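Q: After the structure tokens below, expect a handful of questions from me.
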Amino acid sequence: MSPEATALEGRIVANDLTKVFGEVKAVDGLSFSVEPGSVTGFLGPNGAGKTTTLRMILGLATPTSGTGTISGLTYAHLPHPGRTVGAVLEATSFHPGRSARNHLRVFCAAAGLPDKRADEVLEWVGLTQAARYSVRGFSLGMRQRLGLATALLGNPRVLLLDEPANGLDPEGIAWLRGLLRHFADVDGRTVLISSHVLSEVEQTVDRVVIIARGRLLYEGRLADLEGANGGVVVRTPSPEQLSGALAPLNVKVTPRADGSLGVVGATPEAVGHAAWAAHVELHELRAGSSSLEETFLRLTAEPSAPTEPGA
Amino acid sequence: MINLIRAEWRKVITVKLGWGMLLGALALAALGVVAQIASNGNGANGNFLPPLSAAETQRSIAASSGSAYLFSVVVGIILITTEFRHFTSRPTFLIEPRRGLVVVAKLLVAALVGIIYGVACAALTAAIMAIWFAALGVNIGWVSNGILLSMLGDTAVIAIFAVVGIGVGVLVRNQIAAIIGTLVYLFVLEPLTDIIPLVQKAYPYLPGAAAAAVTGANRGSLAHLNAVQGGLVLLGYGLLFAVGGWLFTIRRDIP
């Protein structure tokens, strides 16, 4: 990776991040980048190492090895982190006896922001009515909104949100989606949101970083993930011939565990026609029942066989 | 730094704890004054206490304000441990990743809180004394009997104990353990050293004895430091704990 690319304003880069807790490798040589102007989903099952990764990027945890950077700098070296990066980590971080407004005013003071900023962000997240109540009585959804308000205080260029949809009702999720899309599309900010449920963020994100057991499984556009465009499953006794026949369609062909082929980027009709034209025998041809969620589950499933030794 | 101090100050005044502890400190001080004046027979028959007009009696009554150190040390502990308990440590260290600066801001704010506790308790103590003594027709030698000076010493000790509380809390993140450990030390362990010959030489340098050197509430026949030395030794404990906490806990991963 060239230094210029790394130093791109607003880009989040994980470079070979590793975190070991005792005997457990919570994060294992993880590298990925998150681009400005996009909403990136950071996905993986519970315990995959998402929160640990975010904590390392945010400087709350020290990597065992590797680095996490934002705009080319480690968190501790950011000139005004409170005004550059907004972050919410899972499990809410509020004193139960402090009102929402006072909570925000504490951090206005710490970041050197005017106090009226607290009222502005409260309005953004729809908590103006509850501003003067102590957080003790807040629902999980309200706490999520207050966490988001805290992250937005400094009008940050980069947002990292850990499970932000947790506890939000469908209306709240739609609202969050609109807000995050606006940040990325209109403001060109960097937005990274973690989730353990793909469907929760499927309609919000452009790109995904999928991890399991601390390792990267997939990084790229959500649209390129098998199943995203209703992939096609096809079974044939001559897979090589079929691959050749499909080559002009510019599709991605991957062998599936059951011996069939997964085809991404074409309709079943197009695949069937190509096979017929090339005289390739087909035993099965169907629209990919492998939805995104299935793909996600398959990607992140525990390996049934032992993993490769010495990896 | 001024931003961090403002933030830490707001953390104190926006929750009930600081105010509740202040009320507790005031109540304890008032109780001490009232009990001492009421139990003093003022030279009446069968009462062996020196009369209210005696300088040592007046100083002893005025020293009631000093009990607020119990509250200020607990407030200091809670100011820092509550960050870890409620995970406000996360936004705090996200906005200011230089964790040492946050701890310094907390030390300063804790000292300020301690001074406010000390001044409030001294003012209440002085007010009760002034009114009650006037009613009894006894003069108070505020300056000549060294009362103002001892109240100043008490306030210093209360402020320094708040700093010690921050230091303990930085070192022992667990709130309950830090509070109970501190109180057990002050009330049980340190008094025990009086009766253990081996540690009697070190006794003047222990936190409670250093505090006693400042307030003048010397215990028994044991040697004590002078007031300024005592104050510095006590402050030294606070800073030592804070530095130790920075080395062993604060620099590590934030929960």
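Here's how to read the names in the structure tokens: chain A, B, ... by the order shown, residue numbers from 1 in each chain, ligand numbers from 1 in the order shown.
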Please identify the strand (DSSP E or B) residues within range 51-180 of chain A (assignment by DSSP from backbone atoms) and present them as a VMD selection string.
A: chain A and resid 65 to 70 73 85 to 88 99 134 158 to 162
Q: What would the file look like if the residues just selected were written as an mmCIF file, in the first residue's frame with C-alpha atoms?
A:
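Writing the result to out.cif gives the following:
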data_model
loop_
_atom_site.group_PDB
_atom_site.id
_atom_site.type_symbol
_atom_site.label_atom_id
_atom_site.label_comp_id
_atom_site.auth_asym_id
_atom_site.auth_seq_id
_atom_site.Cartn_x
_atom_site.Cartn_y
_atom_site.Cartn_z
ATOM 1 C CA SER A 65 0.647 -6.247 16.477
ATOM 2 C CA GLY A 66 -0.359 -4.298 13.407
ATOM 3 C CA THR A 67 -1.876 -0.841 13.188
ATOM 4 C CA GLY A 68 -5.209 0.807 12.764
ATOM 5 C CA THR A 69 -5.236 4.270 11.232
ATOM 6 C CA ILE A 70 -7.684 7.007 10.367
ATOM 7 C CA LEU A 73 -2.720 8.460 11.596
ATOM 8 C CA VAL A 85 -13.999 10.854 14.575
ATOM 9 C CA GLY A 86 -17.343 9.992 16.125
ATOM 10 C CA ALA A 87 -17.763 6.549 17.588
ATOM 11 C CA VAL A 88 -20.307 4.543 19.515
ATOM 12 C CA SER A 99 -29.438 13.839 32.001
ATOM 13 C CA SER A 134 -31.669 11.153 33.438
ATOM 14 C CA VAL A 158 -15.457 9.628 10.192
ATOM 15 C CA LEU A 159 -18.133 7.632 12.004
ATOM 16 C CA LEU A 160 -17.630 4.214 13.576
ATOM 17 C CA LEU A 161 -20.771 2.718 15.037
ATOM 18 C CA ASP A 162 -20.851 -0.629 16.804
#
Q: Would you give me, as a PyMOL selection string, the residues of chain A that come within 9 Å of chain B, using only C-alpha atoms?
A: chain A and resi 55+58-62+75-77+80-83+85-89+91-99+102-103+105-112+150-151
Q: Tell me, as a list in words, which residues lie within 7 Å of range 167-170 of chain B, counting only C-alpha atoms; anything in the same chain fewer than 2 positions away does not count.
A: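 The residues satisfying every condition are Ile77, Ile80, Thr81, Val163, Val164, Gly165, Val172, Arg173, Ala178, Gly238, Leu239, Phe241, Ala242, Gly245, Trp246 and Ile250 of chain B.
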Q: Run DSSP on the backbone and grab whatever in range 12-232 of chain B lands in helix (DSSP H, G or I); send it over as a ChimeraX atom specification.
A: /B:12-13,16-39,55-85,89-95,99-136,147-171,175-195,197-200,203-205,207-215,227-232
Q: Pick from B:Leu206, B:Ala159, B:Leu107, B:Leu149: nearest to Leu192 in chain B, with only C-alpha atoms counted?
A: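 Closest candidate: B:Leu206.
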Q: Pick from B:Gly230, B:Pro51, B:Gly24, B:Gly146: nearest to Gln36 in chain B, with only C-alpha atoms counted?
A: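 For Gln36 in chain B, the nearest of the candidates is B:Pro51.
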Q: Check the smallest atom-to-atom distance from each of B:Ser72, B:Leu198, B:Gly216, B:Asn139 to Ser60 in chain B using only C-alpha atoms, then report the winner.
A: B:Gly216
Q: Do you have the CA of Thr52 in chain A-CA of Val125 in chain A distance handy?
A: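 About the pair CA of Thr52 in chain A and CA of Val125 in chain A: they are 26.5 Å apart.
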Q: Give me the residues near Ala55 in chain B as number ranges by chain, where near means some atom within 8 Å (using only C-alpha atoms) and where sequence neighbours in that chain fewer than 4 positions away do not count.
A: B: 59, 141, 145
Q: So what do you get for CA of His182 in chain A versus CA of Ile12 in chain A, distance-wise?
A: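 So the answer is 18.9 Å.
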